Amino acid sequence: MLNTAVIFYLGSRGVSAAGNLLAVAIFTRLAGPAEYGHYVLIFAWSMIVYGFGSQWMRFAYFGVYQSHRFDEYVASLAQLLGAAVVLLAVGFLGLALSGWIDPMFLGAVFALISGMTIYEAAFEVMRTRLNARAAALSMILRTCLVVALGSLSLWLGGSATGLACAIAVANLVAAIPCLKAFAGIRLWQGSRHAMSRILIYGWPLMLSFGVMAVGQTIDRLLLAHYAGPTTLGPYGAIADFLRQGFAVVGEAITLSYVTSAKQYHNDANPHGCVQALKTAFNACLATSIFGAAFFLVFGDLLVRILLGPQFHAQASDLIGVLAVTFAFMTMRNFYFAQVIYFTHASHLELVVAIIFVTVSSALAVLLVPRYGPFGAAVSLMIAFAVTLAVFIIVGRWYFSMPVDLAGLVEIPLLAVLCVFGSRMLEHVAGFGAGVVVAELALFCLVGAVVLYRFRLLRATGEPSAPVPVLESARPAEAPLRARSGIVSRTI
C-alpha cells in the first residue's frame with residue numbers, strides 16, 4: 001500500500017523546491033549580487049532570532065502533544081507564540097528607537113520572523129493531526145506567493161528589505177489553509193499544564209535552535225564582514241540552491257515517516273515505530289548519497305543555467321563541497337537528530353548545537369579571511385560532519401535509531417555506480433545534450449531500483465520481511481529503550 005502522506009509531502013515539497021529554485025533564479029537576476037547579498041544577510045539574522053525566539057516552540061509542541069487533548073495543546077502553543085512575538089516586537093522597537101541599527105533592516109527581520117512563526121506553527125499542527133492534504137496545500141500556496149510577491153517587489157524597484165517583507169506576507173497568507181482547519185479552537189482552551197510541558201521540554205531547544213542558527217549562519221556573517229554583500233550574494237544563492245535540493249526530500253521524510261513513527265511510539269506500537277524509522281533511515285541515506293552524487297554530476301550545469309554567469313563565475317568551485325555538506329546535514333537533521341522526540345533528551349540537541357557553533361565558528365574565523373567563500377563552505381561541512389557523528393554515537397545511549405545494514409551498503413554503491421557511469425559517458429561521448437539526457441536516465445533508473453528495493457513509498461507499520469539492523473552491544477541500553485517504549489532487540 002502506498003504511503004499517501006509521503007506522496008502528499010514529497011509532491012508538495014517537490015513543487016516547493018521547484019518554486020524556490022525559480023524564485024532564486026528570478027531574484028538573483030532582478031536584484032544583482034550586492035542587493036541579493038543584503039537579502040541573504042537579512043534572512044541570516046532572521047533565522048538567528050527566529051531560532052531563539054519562537055522556532056523551538058513548534059518542535060517542543062511536537063515532542064509533548066497528546067492526541068486526546070489536541071485543542072488544549074494547540075491553544076497553549078498559540079498563547080506562547082503570541083507572547084514571544086509581542087516580546088520580540090518590543091525588543092525590536094527599542095533597538096529601532098536607540099538608533100543603533102537601521103529601522104528598515106529591523107522591520108524586515110521582524111516581518112520575516114512573524115511570517116515564519118505563524119506559518120510554521122500552523123503547519124506543525126496540521127502535521128500532528130496527520131492532515132497531509134491541508135499541509136501540502138499551504139506549502140504549495142506559499143511557494144507560489146513567494147515567487148509572485150517577491151518578483152513583483154523587485155520588479156517594482158523594491159530593495160532587499162522590500163523582498164523580505166514580500167516573503168513575510170507570502171508566509172502569512174499561506175498559513176490560512178492550515179489555520180482554517182482548526183479555526184474552532186479558542187485561546188482560552190489552553191492550560192498551564194500544557195504550556196508548562198511545552199516550556200519544560202522546549203527550553204533546551206530554545207537555546208539549541210538559536211545556537212544552531214548562529215552556527216549555520218556564522219559563515220555568511222563573517223563572509224559579509226570580510227568580503228561584503230557582493231561576495232556573499234553568489235555564495236548564499238548557491239548554498240540555498242543546493243540546500244533546497246536536499247531539504248525537499250528530507251523534510252518529506254520527517255513529515256511522513258518520522259511523524260508516523262512518533263504516532264506509533266505514542267500508541268505503544270514498537271513494531272510500527274521501528275518499521276517507520278528503518279524506512280526513514282534508508283530514505284535519508286538515499287537522499288544524502290544520491291543528492292551529493294547528482295550535484296557532483298549536474299551541479300555546475302544547473303547553477304550556470306538557473307543563476308546565470310554572474311553568480312556562477314564567482315562560486316562554481318563551491319558546488320562539490322556544499323553538496324557533501326548538505327549530505328551530512330540531511331542525515332543529521334532529518335534522521336539522527338530526530339532521536340530527541342523518542343526519549344526525554346531534548347538537552348541533547350542543545351549539546352550538539354553548542355558543538356556545532358563552536359566548530360563552525362572556530363573554523364570560519366580561521367578559514368574565511370584567507371579562503372573566502374571556499375573557507376566558509378569547508379567550515380560548514382566539517383561542523384555538520386562532526387555533529388552527525390556525535391548524534392550517531394551519543395544518541396544511541398538514549399534511543400537507538402535503527403540503521404539498516406543492507407541500505408548502508410547497497411545505497412552508496414549504487415550512487416557510486418551512477419557517478420562512475422556518468423563520467424564514463426562523458427569520457428566516451430564528450431559533453432552535449434544527448435550525454436546529459438543519458439546521465440539523467442541513468443540516475444532515474446538507479447533511483448527507481450532504490451525505491452523498489454527498499455520500499456520507500458510503502459505505508460509504514462505493516463509486517464514486512466526482516467531486514468538486518470545494527471545491534472548495540474551495550475547491555476545498559478536495554479532499560480533505556482524499555483523506558484522509551486521500544487523493544488530493545490528490534491532496533
# chains A, B, ... in the order shown; residues from 1 in each chain; ligands from 1

call {"tool": "residues_around", "arguments": {"residues": "Phe281 in chain A", "least_positions_apart": "5", "cutoff": "9 Å", "atoms": "only C-alpha atoms", "output": "PyMOL selection string"}}
result
chain A and resi 276+286+331+335-336+401-404+407

call {"tool": "residues_around", "arguments": {"residues": "Leu232 in chain A", "least_positions_apart": "4", "cutoff": "9 Å", "atoms": "only C-alpha atoms", "output": "PDB file with N, CA and C atoms, in the first residue's frame"}}
result
ATOM      1  N   PRO A  33      24.082  40.711  -7.472  1.00  0.00           N
ATOM      2  CA  PRO A  33      24.830  40.117  -6.358  1.00  0.00           C
ATOM      3  C   PRO A  33      24.796  40.934  -5.071  1.00  0.00           C
ATOM      4  N   ALA A  34      24.987  42.246  -5.153  1.00  0.00           N
ATOM      5  CA  ALA A  34      25.077  43.067  -3.940  1.00  0.00           C
ATOM      6  C   ALA A  34      23.749  43.114  -3.197  1.00  0.00           C
ATOM      7  N   TYR A  36      21.148  41.112  -3.532  1.00  0.00           N
ATOM      8  CA  TYR A  36      20.771  39.780  -3.064  1.00  0.00           C
ATOM      9  C   TYR A  36      21.602  39.386  -1.843  1.00  0.00           C
ATOM     10  N   GLY A  37      22.863  39.801  -1.816  1.00  0.00           N
ATOM     11  CA  GLY A  37      23.678  39.559  -0.636  1.00  0.00           C
ATOM     12  C   GLY A  37      23.112  40.250   0.587  1.00  0.00           C
ATOM     13  N   HIS A  38      22.558  41.462   0.403  1.00  0.00           N
ATOM     14  CA  HIS A  38      21.917  42.165   1.506  1.00  0.00           C
ATOM     15  C   HIS A  38      20.704  41.381   2.011  1.00  0.00           C
ATOM     16  N   VAL A  40      20.312  38.110   1.785  1.00  0.00           N
ATOM     17  CA  VAL A  40      20.854  36.937   2.478  1.00  0.00           C
ATOM     18  C   VAL A  40      21.223  37.300   3.917  1.00  0.00           C
ATOM     19  N   LEU A  41      21.770  38.493   4.114  1.00  0.00           N
ATOM     20  CA  LEU A  41      22.135  38.947   5.452  1.00  0.00           C
ATOM     21  C   LEU A  41      20.891  39.154   6.316  1.00  0.00           C
ATOM     22  N   ARG A 220      28.122  33.041   6.774  1.00  0.00           N
ATOM     23  CA  ARG A 220      27.590  34.147   5.984  1.00  0.00           C
ATOM     24  C   ARG A 220      27.883  35.496   6.654  1.00  0.00           C
ATOM     25  N   LEU A 221      27.755  35.532   7.962  1.00  0.00           N
ATOM     26  CA  LEU A 221      28.021  36.788   8.672  1.00  0.00           C
ATOM     27  C   LEU A 221      29.484  37.198   8.526  1.00  0.00           C
ATOM     28  N   LEU A 223      31.542  36.166   6.154  1.00  0.00           N
ATOM     29  CA  LEU A 223      31.820  36.453   4.753  1.00  0.00           C
ATOM     30  C   LEU A 223      31.348  37.857   4.387  1.00  0.00           C
ATOM     31  N   ALA A 224      30.199  38.258   4.916  1.00  0.00           N
ATOM     32  CA  ALA A 224      29.724  39.624   4.677  1.00  0.00           C
ATOM     33  C   ALA A 224      30.666  40.644   5.306  1.00  0.00           C
ATOM     34  N   ALA A 227      34.230  40.204   3.177  1.00  0.00           N
ATOM     35  CA  ALA A 227      34.200  40.348   1.720  1.00  0.00           C
ATOM     36  C   ALA A 227      33.060  41.206   1.200  1.00  0.00           C
ATOM     37  N   GLY A 228      32.045  41.485   2.029  1.00  0.00           N
ATOM     38  CA  GLY A 228      30.956  42.349   1.620  1.00  0.00           C
ATOM     39  C   GLY A 228      29.808  41.601   0.967  1.00  0.00           C
ATOM     40  N   GLY A 236      25.605  32.737  -0.988  1.00  0.00           N
ATOM     41  CA  GLY A 236      24.307  32.437  -0.393  1.00  0.00           C
ATOM     42  C   GLY A 236      23.347  31.822  -1.389  1.00  0.00           C
ATOM     43  N   ALA A 237      23.377  32.314  -2.646  1.00  0.00           N
ATOM     44  CA  ALA A 237      22.461  31.786  -3.660  1.00  0.00           C
ATOM     45  C   ALA A 237      22.761  30.325  -3.969  1.00  0.00           C
ATOM     46  N   PRO A 373      34.774  32.451   0.326  1.00  0.00           N
ATOM     47  CA  PRO A 373      33.619  31.556   0.268  1.00  0.00           C
ATOM     48  C   PRO A 373      33.988  30.077   0.399  1.00  0.00           C
TER      49      PRO A 373
END

call {"tool": "residues_around", "arguments": {"residues": "Gly447 in chain A", "least_positions_apart": "2", "cutoff": "10 Å", "atoms": "only C-alpha atoms", "output": "list of chain:residue names"}}
result
A:Ala286, A:Thr287, A:Phe290, A:Ile411, A:Leu414, A:Ala415, A:Cys418, A:Ala441, A:Leu442, A:Phe443, A:Cys444, A:Leu445, A:Val449, A:Val450, A:Leu451, A:Tyr452, A:Arg453

call {"tool": "residues_around", "arguments": {"residues": "Ala383 in chain A", "least_positions_apart": "6", "cutoff": "8 Å", "atoms": "only C-alpha atoms", "output": "compact mmCIF listing (two decimals) with N, CA and C atoms, in the first residue's frame"}}
result
# COMPACT_ATOMS: atom_id res chain seq x y z
N PHE A 356 28.33 22.31 17.40
CA PHE A 356 28.26 22.79 16.03
C PHE A 356 28.74 24.23 15.91
N VAL A 357 28.21 25.12 16.76
CA VAL A 357 28.58 26.52 16.64
C VAL A 357 30.04 26.73 17.01
N VAL A 359 32.57 24.52 16.52
CA VAL A 359 33.39 24.05 15.40
C VAL A 359 33.27 24.99 14.21
N SER A 360 32.02 25.33 13.83
CA SER A 360 31.83 26.16 12.64
C SER A 360 32.40 27.55 12.83

call {"tool": "select_by_dssp", "arguments": {"residues": "range 64-99 of chain A", "states": "alpha helix (DSSP H)", "output": "NGL selection string"}}
result
:A and (64 or 70-98)

call {"tool": "closest_residue", "arguments": {"among": "A:Ala89, A:Leu307, A:Cys144, A:Ile113", "to": "Gly19 in chain A", "atoms": "only C-alpha atoms"}}
result
A:Cys144

call {"tool": "closest_residue", "arguments": {"among": "A:Val416, A:Ala377, A:Met139, A:Leu350", "to": "Ile289 in chain A", "atoms": "only C-alpha atoms"}}
result
A:Val416

call {"tool": "closest_atom_pairs", "arguments": {"of": "range 259-308 of chain A", "to": "range 241-249 of chain A", "cutoff": "9 Å", "atoms": "only C-alpha atoms", "output": "CSV"}}
result
residue,atom,partner,partner_atom,distance
A:Ala283,CA,A:Val249,CA,8.4
A:Cys284,CA,A:Val249,CA,7.9
A:Thr287,CA,A:Phe246,CA,6.7
A:Ser288,CA,A:Phe246,CA,7.1
A:Gly291,CA,A:Phe246,CA,6.4
A:Ala292,CA,A:Phe246,CA,8.7
A:Phe295,CA,A:Leu242,CA,7.9
A:Gly299,CA,A:Leu242,CA,8.4
A:Val303,CA,A:Phe241,CA,8.3

call {"tool": "write_last_selection", "arguments": {"atoms": "C-alpha atoms", "output": "short mmCIF file (atom, residue, chain, number, x, y, z; two decimals), in the first residue's frame"}}
result
data_model
loop_
_atom_site.label_atom_id
_atom_site.label_comp_id
_atom_site.auth_asym_id
_atom_site.auth_seq_id
_atom_site.Cartn_x
_atom_site.Cartn_y
_atom_site.Cartn_z
CA ALA A 283 15.15 7.30 2.59
CA CYS A 284 17.50 9.79 4.28
CA THR A 287 18.64 11.41 -0.31
CA SER A 288 22.09 12.22 1.09
CA GLY A 291 21.81 14.06 -3.74
CA ALA A 292 25.56 14.55 -3.43
CA PHE A 295 25.06 17.67 -7.75
CA GLY A 299 25.51 20.90 -10.22
CA VAL A 303 23.97 26.68 -11.36
#

call {"tool": "residues_around", "arguments": {"residues": "range 124-133 of chain A", "least_positions_apart": "4", "cutoff": "7 Å", "atoms": "only C-alpha atoms", "output": "VMD selection string"}}
result
chain A and resid 5 8 to 9 58 62 120 137 178 255

call {"tool": "write_last_selection", "arguments": {"atoms": "C-alpha atoms", "output": "CSV table (one decimal), in the first residue's frame"}}
result
chain,number,residue,atom,x,y,z
A,5,ALA,CA,1.3,11.2,3.4
A,8,PHE,CA,1.5,14.5,-0.5
A,9,TYR,CA,4.5,15.8,1.3
A,58,ARG,CA,6.7,24.2,17.4
A,62,PHE,CA,5.5,18.1,18.6
A,120,GLU,CA,5.4,27.1,10.6
A,137,LEU,CA,-1.8,22.9,0.1
A,178,CYS,CA,-3.9,25.2,8.0
A,255,LEU,CA,6.8,15.0,8.0

call {"tool": "closest_residue", "arguments": {"among": "A:Phe328, A:Gln189, A:Ser400, A:Ile48", "to": "Val274 in chain A", "atoms": "only C-alpha atoms"}}
result
A:Ser400

call {"tool": "residues_around", "arguments": {"residues": "Leu207 in chain A", "least_positions_apart": "5", "cutoff": "10 Å", "atoms": "only C-alpha atoms", "output": "list in words"}}
result
Gly51, Phe52, Gly53, Trp56, Gly202, Met212, Ala213, His347, Glu349, Leu350, Val351, Ala353 and Ile354 of chain A
